[in-house]
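**Q** Input structure: run.txt, which contains compact mmCIF, C-alpha atoms and all ligand atoms.
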# COMPACT_ATOMS: atom_id res chain seq x y z
CA MET A 100 35.16 -53.26 87.81
CA LYS A 101 32.38 -53.97 85.35
CA ILE A 102 32.00 -57.01 83.11
CA GLY A 103 29.99 -56.81 79.90
CA ILE A 104 27.94 -59.76 78.75
CA LEU A 105 26.94 -59.82 75.12
CA GLY A 106 23.24 -59.43 75.72
CA PHE A 107 21.31 -60.57 72.67
CA GLN A 108 20.53 -64.17 73.39
CA GLY A 109 21.72 -67.30 75.18
CA SER A 110 23.11 -67.96 78.63
CA ILE A 111 23.13 -64.35 79.80
CA GLU A 112 21.45 -64.55 83.21
CA GLU A 113 23.54 -67.50 84.32
CA HIS A 114 26.72 -65.47 83.79
CA GLU A 115 25.13 -62.54 85.60
CA TYR A 116 24.35 -64.78 88.58
CA ALA A 117 27.94 -66.10 88.63
CA PHE A 118 29.44 -62.60 88.68
CA ARG A 119 26.90 -61.47 91.26
CA ARG A 120 27.99 -64.33 93.53
CA LEU A 121 31.51 -62.95 93.11
CA SER A 122 30.30 -59.41 93.87
CA VAL A 123 31.14 -58.07 90.43
CA GLU A 124 28.88 -55.74 88.49
CA THR A 125 27.76 -56.67 84.97
CA ILE A 126 26.12 -54.89 82.06
CA ARG A 127 24.36 -56.42 79.05
CA VAL A 128 26.18 -55.22 75.95
CA LYS A 129 23.96 -54.58 72.95
CA THR A 130 25.34 -51.36 71.46
CA PRO A 131 28.79 -49.86 70.83
CA GLN A 132 28.10 -47.35 73.66
CA ASP A 133 27.67 -50.21 76.13
CA LEU A 134 31.26 -51.21 75.42
CA GLU A 135 32.64 -47.92 76.69
CA CYS A 136 32.46 -48.82 80.37
CA VAL A 137 33.47 -52.49 80.41
CA ASP A 138 36.70 -53.96 81.78
CA GLY A 139 36.09 -57.36 80.25
CA ILE A 140 33.46 -59.14 78.20
CA VAL A 141 31.70 -62.49 78.10
CA LEU A 142 30.47 -63.96 74.84
CA PRO A 143 27.95 -66.46 76.18
CA GLY A 144 26.78 -69.78 74.80
CA GLY A 145 23.62 -69.69 72.74
CA GLU A 146 23.15 -69.52 69.02
CA SER A 147 26.07 -68.02 67.14
CA THR A 148 24.09 -67.39 63.93
CA HIS A 149 21.57 -65.27 65.79
CA MET A 150 24.27 -63.38 67.72
CA LEU A 151 26.10 -62.69 64.48
CA ARG A 152 22.98 -61.22 62.91
CA MET A 153 22.37 -59.01 65.94
CA LEU A 154 26.02 -57.90 66.11
CA HIS A 155 25.67 -56.52 62.60
CA PHE A 156 22.16 -55.17 63.11
CA ASN A 157 23.36 -53.13 66.12
CA HIS A 158 26.67 -52.09 64.51
CA LEU A 159 28.61 -53.88 67.21
CA PHE A 160 30.56 -56.37 65.10
CA ASP A 161 33.49 -54.11 64.14
CA PRO A 162 33.94 -52.21 67.44
CA LEU A 163 33.76 -55.39 69.51
CA ARG A 164 36.16 -57.21 67.22
CA LYS A 165 38.64 -54.36 67.46
CA MET A 166 38.45 -54.17 71.25
CA ILE A 167 39.06 -57.91 71.59
CA GLN A 168 41.94 -57.71 69.15
CA ASP A 169 43.36 -54.77 71.11
CA GLY A 170 43.38 -56.80 74.33
CA LEU A 171 39.97 -56.53 76.03
CA PRO A 172 39.81 -59.48 78.49
CA THR A 173 37.31 -61.87 76.94
CA MET A 174 35.65 -65.06 78.10
CA ALA A 175 34.02 -66.90 75.21
CA THR A 176 31.94 -69.96 75.85
CA CYS A 177 30.50 -72.38 73.31
CA ALA A 178 28.77 -70.19 70.66
CA GLY A 179 31.20 -67.46 71.75
CA VAL A 180 34.12 -69.63 70.67
CA VAL A 181 32.45 -70.16 67.29
CA LEU A 182 32.13 -66.38 66.91
CA LEU A 183 35.78 -65.71 67.76
CA SER A 184 37.33 -68.55 65.74
CA LYS A 185 39.59 -68.15 62.74
CA ALA A 186 37.35 -70.47 60.71
CA ILE A 187 34.51 -72.99 60.88
CA ASP A 188 35.11 -76.18 58.94
CA ASN A 189 31.54 -77.43 58.56
CA THR A 190 29.38 -74.37 57.95
CA LYS A 191 29.77 -71.19 56.02
CA GLN A 192 29.55 -68.46 58.64
CA GLU A 193 31.39 -65.23 59.25
CA THR A 194 33.58 -65.05 62.36
CA PHE A 195 35.68 -62.44 64.18
CA GLN A 196 38.87 -64.34 63.27
CA VAL A 197 40.64 -63.29 66.46
CA LEU A 198 41.18 -66.74 68.00
CA ASP A 199 43.63 -68.99 66.20
CA VAL A 200 41.45 -72.10 66.09
CA VAL A 201 39.36 -73.92 63.53
CA VAL A 202 36.13 -75.32 64.95
CA SER A 203 33.34 -77.64 63.87
CA ARG A 204 29.96 -76.31 64.95
CA ASN A 205 27.81 -78.79 66.87
CA GLY A 206 30.88 -81.03 66.77
CA TYR A 207 29.49 -83.71 69.11
CA GLY A 208 26.19 -83.88 67.23
CA PRO A 209 22.75 -82.37 67.73
CA GLN A 210 21.06 -81.48 71.03
CA TYR A 211 20.42 -85.16 71.81
CA PHE A 212 24.18 -85.66 72.20
CA SER A 213 24.62 -82.88 74.75
CA PHE A 214 26.37 -84.22 77.85
CA VAL A 215 28.11 -83.51 81.13
CA GLU A 216 31.69 -84.52 81.85
CA GLU A 217 33.84 -84.19 84.96
CA VAL A 218 37.01 -82.64 83.57
CA THR A 219 40.45 -81.84 84.89
CA ILE A 220 41.47 -78.20 84.53
CA GLU A 221 45.03 -77.02 84.88
CA GLY A 222 45.46 -75.20 88.18
CA PHE A 223 42.34 -76.70 89.81
CA THR A 224 42.72 -79.41 92.45
CA GLU A 225 39.11 -80.63 92.11
CA LYS A 226 37.49 -81.67 88.84
CA PHE A 227 35.01 -79.35 87.13
CA ARG A 228 31.53 -80.49 86.07
CA ALA A 229 31.51 -79.31 82.46
CA VAL A 230 28.20 -79.03 80.61
CA PHE A 231 28.39 -79.40 76.82
CA ILE A 232 25.32 -78.24 74.85
CA ARG A 233 25.67 -78.62 71.07
CA ALA A 234 29.26 -77.64 71.67
CA PRO A 235 31.82 -76.91 68.98
CA ILE A 236 34.92 -79.07 68.69
CA VAL A 237 38.28 -77.39 68.28
CA ARG A 238 39.82 -79.18 65.29
CA SER A 239 43.11 -77.35 65.12
CA LEU A 240 44.85 -74.66 67.05
CA ASP A 241 48.06 -72.74 66.92
CA SER A 242 50.72 -74.80 68.72
CA ASN A 243 51.68 -72.03 71.13
CA ILE A 244 48.18 -71.56 72.59
CA PRO A 245 48.04 -73.05 76.11
CA VAL A 246 45.41 -75.78 76.52
CA LEU A 247 44.02 -75.84 80.08
CA SER A 248 41.64 -78.75 79.61
CA LYS A 249 40.67 -81.51 77.19
CA ASP A 250 37.67 -83.80 76.86
CA ARG A 251 37.98 -87.58 77.03
CA HIS A 252 38.73 -87.72 73.30
CA GLU A 253 41.66 -85.32 73.80
CA ASN A 254 39.89 -82.41 72.09
CA PRO A 255 40.88 -79.05 73.63
CA ILE A 256 37.89 -77.66 75.56
CA PHE A 257 39.52 -74.77 77.43
CA ILE A 258 42.28 -72.71 75.89
CA ARG A 259 43.78 -69.36 76.67
CA GLN A 260 45.15 -67.15 73.93
CA LYS A 261 46.50 -64.00 75.56
CA ASN A 262 43.43 -61.96 76.64
CA ILE A 263 40.97 -64.62 75.47
CA PHE A 264 39.63 -67.48 77.61
CA ALA A 265 37.86 -69.86 75.23
CA LEU A 266 35.72 -72.70 76.58
CA THR A 267 33.59 -75.04 74.50
CA PHE A 268 31.42 -75.92 77.53
CA HIS A 269 29.19 -73.81 79.82
CA PRO A 270 31.07 -72.83 83.01
CA GLU A 271 28.13 -70.68 84.14
CA ILE A 272 25.86 -73.68 84.67
CA GLY A 273 26.12 -75.35 88.07
CA ASN A 274 27.14 -72.77 90.71
CA ASP A 275 30.86 -73.54 90.43
CA ASP A 276 32.43 -70.12 89.95
CA ARG A 277 36.09 -71.13 89.75
CA ILE A 278 36.44 -70.29 86.05
CA HIS A 279 34.75 -66.92 86.47
CA SER A 280 37.11 -66.22 89.39
CA MET A 281 40.09 -67.20 87.28
CA PHE A 282 38.90 -64.83 84.55
CA LEU A 283 38.48 -61.99 87.04
CA GLN A 284 41.94 -62.62 88.49
CA SER A 285 43.41 -62.20 85.01
CA LEU A 286 42.00 -58.65 84.97
CA THR A 287 43.74 -57.48 88.10
N1 LIG B 301 25.85 -74.86 68.37
C1 LIG B 301 25.73 -73.51 68.78
C2 LIG B 301 26.29 -72.57 67.73
O1 LIG B 301 27.07 -72.94 66.91
C3 LIG B 301 26.45 -73.30 70.09
C4 LIG B 301 25.74 -73.99 71.23
C5 LIG B 301 25.97 -73.37 72.57
O2 LIG B 301 26.48 -72.27 72.67
N2 LIG B 301 25.57 -74.06 73.59
O3 LIG B 301 25.96 -71.45 67.75
Would you write out, as structure tokens, the structure that this file holds?
Ligand code: GLN

**A**
Amino acid sequence: MKIGILGFQGSIEEHEYAFRRLSVETIRVKTPQDLECVDGIVLPGGESTHMLRMLHFNHLFDPLRKMIQDGLPTMATCAGVVLLSKAIDNTKQETFQVLDVVVSRNGYGPQYFSFVEEVTIEGFTEKFRAVFIRAPIVRSLDSNIPVLSKDRHENPIFIRQKNIFALTFHPEIGNDDRIHSMFLQSLT
């Protein structure tokens, strides 16, 4: 099994370390050819505007969008959720429109308001230390999308729409690999 990590910018190495701890091979995806050998993909946190520019520059936007739409297992975190969303309500920015949510970018405020919260996740007995870095807020979502976790204001922070795991926080920070394991289990 090989997991692709969109490899332009952002929290790439941290995801690589997590999958390495779980003995799973990864590849940095930067071109359409890189997509040919992956069984799943991670869209990491980082800067969605930059990733968007690079997706177009490297002709990856359309093939990646199609593969996700056709069922490629996908884990999107933070900026990744912005990229996948149906719409953004506070900035004008193109998205893949494959995830039925509307998001506000930097919904909790600028970098200064980044924070850590111990959250409850459906299926986990112990809480998860969730790191939010200029995270988006999910403002609305299709009513039949399962919500696996919410923040203390009741905003959805972890949802699962068919093949897409969407998390507004950074599960790759902190050596707790339970979410990566859950994602891998969904592939088998
Ligand atoms: N605010 C960033 C964006 O919209 C996302 C931040 C992150 O991924 N940590 O691209």

**Q** Taking all atoms listed in the file and a cut-off of 7 Å, can you tell me which residues surround ligand LIG 301 (chain B), written as a ChimeraX atom specification?

**A** /A:143-148,176-179,181,204-205,231-235

**Q** Kindly indicate which residue among A:Thr125, A:Ser110, A:Gln168, A:Asn189 lies nearest to Met150 of chain A, using only C-alpha atoms for the distances.

**A**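 Under the stated criterion, the closest residue is A:Ser110.
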
**Q** Compare A:Met100, A:Leu198, A:Val141, A:Ala265 by their minimum atom-to-atom distance to His114 of chain A, counting only C-alpha atoms, and give me the closest one.

**A** A:Val141

**Q** For Glu193 of chain A, please output as a PyMOL selection string all residues within 12 Å (counting all atoms listed in the file; exclusion window: fewer than 5 positions along the same chain).

**A** chain A and resi 147-152+154-155+160+181-188

**Q** With C-alpha atoms retained, could you export that selection as a PDB file, in the coordinates of the input?

**A**
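Now in result-v7.pdb:
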ATOM      1  CA  SER A 147      26.070 -68.020  67.140  1.00  0.00           C
ATOM      2  CA  THR A 148      24.090 -67.390  63.930  1.00  0.00           C
ATOM      3  CA  HIS A 149      21.570 -65.270  65.790  1.00  0.00           C
ATOM      4  CA  MET A 150      24.270 -63.380  67.720  1.00  0.00           C
ATOM      5  CA  LEU A 151      26.100 -62.690  64.480  1.00  0.00           C
ATOM      6  CA  ARG A 152      22.980 -61.220  62.910  1.00  0.00           C
ATOM      7  CA  LEU A 154      26.020 -57.900  66.110  1.00  0.00           C
ATOM      8  CA  HIS A 155      25.670 -56.520  62.600  1.00  0.00           C
ATOM      9  CA  PHE A 160      30.560 -56.370  65.100  1.00  0.00           C
ATOM     10  CA  VAL A 181      32.450 -70.160  67.290  1.00  0.00           C
ATOM     11  CA  LEU A 182      32.130 -66.380  66.910  1.00  0.00           C
ATOM     12  CA  LEU A 183      35.780 -65.710  67.760  1.00  0.00           C
ATOM     13  CA  SER A 184      37.330 -68.550  65.740  1.00  0.00           C
ATOM     14  CA  LYS A 185      39.590 -68.150  62.740  1.00  0.00           C
ATOM     15  CA  ALA A 186      37.350 -70.470  60.710  1.00  0.00           C
ATOM     16  CA  ILE A 187      34.510 -72.990  60.880  1.00  0.00           C
ATOM     17  CA  ASP A 188      35.110 -76.180  58.940  1.00  0.00           C
TER      18      ASP A 188
END

**Q** Point out the residue among A:Asn274, A:Thr194, A:Ser285, A:Gln210 with the least atom-to-atom distance to Phe118 of chain A, counting only C-alpha atoms.

**A**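 Of A:Asn274, A:Thr194, A:Ser285, A:Gln210, the one nearest Phe118 of chain A, counting only C-alpha atoms, is A:Asn274.
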
**Q** Could you tell me how far atom CA of Ser122 of chain A lies from atom CA of Pro270 of chain A, in Å and to one decimal?

**A** 17.3 Å

**Q** Hey, which of A:Asp161, A:Asp250, A:Asp169, A:Asp133 ends up closest to Tyr207 of chain A? Count all atoms listed in the file.

**A**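 The shortest atom-to-atom distance to Tyr207 of chain A comes from A:Asp250.
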
**Q** Rank nothing, just name the residue among A:Leu283, A:Glu216, A:Arg277, A:Lys226 nearest to His252 of chain A, using all atoms listed in the file.

**A**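 With all atoms listed in the file as the atom set, the closest residue is A:Glu216.
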
**Q** Please rebuild segment 137-163 of chain A with N, CA and C atoms and return the result as a JSON list (two decimals), in the frame of the given file.

**A**
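Result file selection-v5.json:
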[["chain", "number", "residue", "atom", "x", "y", "z"],
["A", 137, "VAL", "N", 33.18, -51.14, 79.93],
["A", 137, "VAL", "CA", 33.47, -52.49, 80.41],
["A", 137, "VAL", "C", 34.98, -52.76, 80.54],
["A", 138, "ASP", "N", 35.30, -53.57, 81.56],
["A", 138, "ASP", "CA", 36.70, -53.96, 81.78],
["A", 138, "ASP", "C", 37.00, -55.34, 81.20],
["A", 139, "GLY", "N", 35.94, -56.03, 80.84],
["A", 139, "GLY", "CA", 36.09, -57.36, 80.25],
["A", 139, "GLY", "C", 34.76, -57.73, 79.66],
["A", 140, "ILE", "N", 34.74, -58.76, 78.81],
["A", 140, "ILE", "CA", 33.46, -59.14, 78.20],
["A", 140, "ILE", "C", 33.30, -60.65, 78.13],
["A", 141, "VAL", "N", 32.04, -61.08, 78.25],
["A", 141, "VAL", "CA", 31.70, -62.49, 78.10],
["A", 141, "VAL", "C", 30.88, -62.65, 76.82],
["A", 142, "LEU", "N", 31.30, -63.58, 75.98],
["A", 142, "LEU", "CA", 30.47, -63.96, 74.84],
["A", 142, "LEU", "C", 29.83, -65.29, 75.22],
["A", 143, "PRO", "N", 28.55, -65.27, 75.59],
["A", 143, "PRO", "CA", 27.95, -66.46, 76.18],
["A", 143, "PRO", "C", 27.62, -67.54, 75.15],
["A", 144, "GLY", "N", 27.30, -68.73, 75.67],
["A", 144, "GLY", "CA", 26.78, -69.78, 74.80],
["A", 144, "GLY", "C", 25.38, -69.42, 74.38],
["A", 145, "GLY", "N", 24.95, -69.98, 73.29],
["A", 145, "GLY", "CA", 23.62, -69.69, 72.74],
["A", 145, "GLY", "C", 23.61, -70.12, 71.30],
["A", 146, "GLU", "N", 23.23, -69.21, 70.45],
["A", 146, "GLU", "CA", 23.15, -69.52, 69.02],
["A", 146, "GLU", "C", 23.99, -68.51, 68.25],
["A", 147, "SER", "N", 25.12, -68.96, 67.74],
["A", 147, "SER", "CA", 26.07, -68.02, 67.14],
["A", 147, "SER", "C", 25.49, -67.33, 65.90],
["A", 148, "THR", "N", 24.64, -68.02, 65.15],
["A", 148, "THR", "CA", 24.09, -67.39, 63.93],
["A", 148, "THR", "C", 23.23, -66.19, 64.31],
["A", 149, "HIS", "N", 22.45, -66.37, 65.36],
["A", 149, "HIS", "CA", 21.57, -65.27, 65.79],
["A", 149, "HIS", "C", 22.42, -64.11, 66.34],
["A", 150, "MET", "N", 23.42, -64.44, 67.15],
["A", 150, "MET", "CA", 24.27, -63.38, 67.72],
["A", 150, "MET", "C", 24.96, -62.60, 66.60],
["A", 151, "LEU", "N", 25.40, -63.33, 65.60],
["A", 151, "LEU", "CA", 26.10, -62.69, 64.48],
["A", 151, "LEU", "C", 25.18, -61.68, 63.78],
["A", 152, "ARG", "N", 23.94, -62.11, 63.55],
["A", 152, "ARG", "CA", 22.98, -61.22, 62.91],
["A", 152, "ARG", "C", 22.76, -59.96, 63.75],
["A", 153, "MET", "N", 22.63, -60.15, 65.06],
["A", 153, "MET", "CA", 22.37, -59.01, 65.94],
["A", 153, "MET", "C", 23.60, -58.10, 66.07],
["A", 154, "LEU", "N", 24.78, -58.70, 66.05],
["A", 154, "LEU", "CA", 26.02, -57.90, 66.11],
["A", 154, "LEU", "C", 26.07, -56.93, 64.95],
["A", 155, "HIS", "N", 25.67, -57.40, 63.77],
["A", 155, "HIS", "CA", 25.67, -56.52, 62.60],
["A", 155, "HIS", "C", 24.52, -55.52, 62.67],
["A", 156, "PHE", "N", 23.36, -56.02, 63.05],
["A", 156, "PHE", "CA", 22.16, -55.17, 63.11],
["A", 156, "PHE", "C", 22.40, -53.98, 64.03],
["A", 157, "ASN", "N", 23.11, -54.21, 65.13],
["A", 157, "ASN", "CA", 23.36, -53.13, 66.12],
["A", 157, "ASN", "C", 24.73, -52.47, 65.96],
["A", 158, "HIS", "N", 25.38, -52.71, 64.83],
["A", 158, "HIS", "CA", 26.67, -52.09, 64.51],
["A", 158, "HIS", "C", 27.73, -52.35, 65.59],
["A", 159, "LEU", "N", 27.70, -53.54, 66.12],
["A", 159, "LEU", "CA", 28.61, -53.88, 67.21],
["A", 159, "LEU", "C", 29.75, -54.79, 66.73],
["A", 160, "PHE", "N", 29.58, -55.38, 65.56],
["A", 160, "PHE", "CA", 30.56, -56.37, 65.10],
["A", 160, "PHE", "C", 31.97, -55.77, 65.04],
["A", 161, "ASP", "N", 32.14, -54.67, 64.32],
["A", 161, "ASP", "CA", 33.49, -54.11, 64.14],
["A", 161, "ASP", "C", 34.09, -53.55, 65.43],
["A", 162, "PRO", "N", 33.34, -52.72, 66.20],
["A", 162, "PRO", "CA", 33.94, -52.21, 67.44],
["A", 162, "PRO", "C", 34.30, -53.31, 68.44],
["A", 163, "LEU", "N", 33.46, -54.31, 68.55],
["A", 163, "LEU", "CA", 33.76, -55.39, 69.51],
["A", 163, "LEU", "C", 34.98, -56.18, 69.04]]
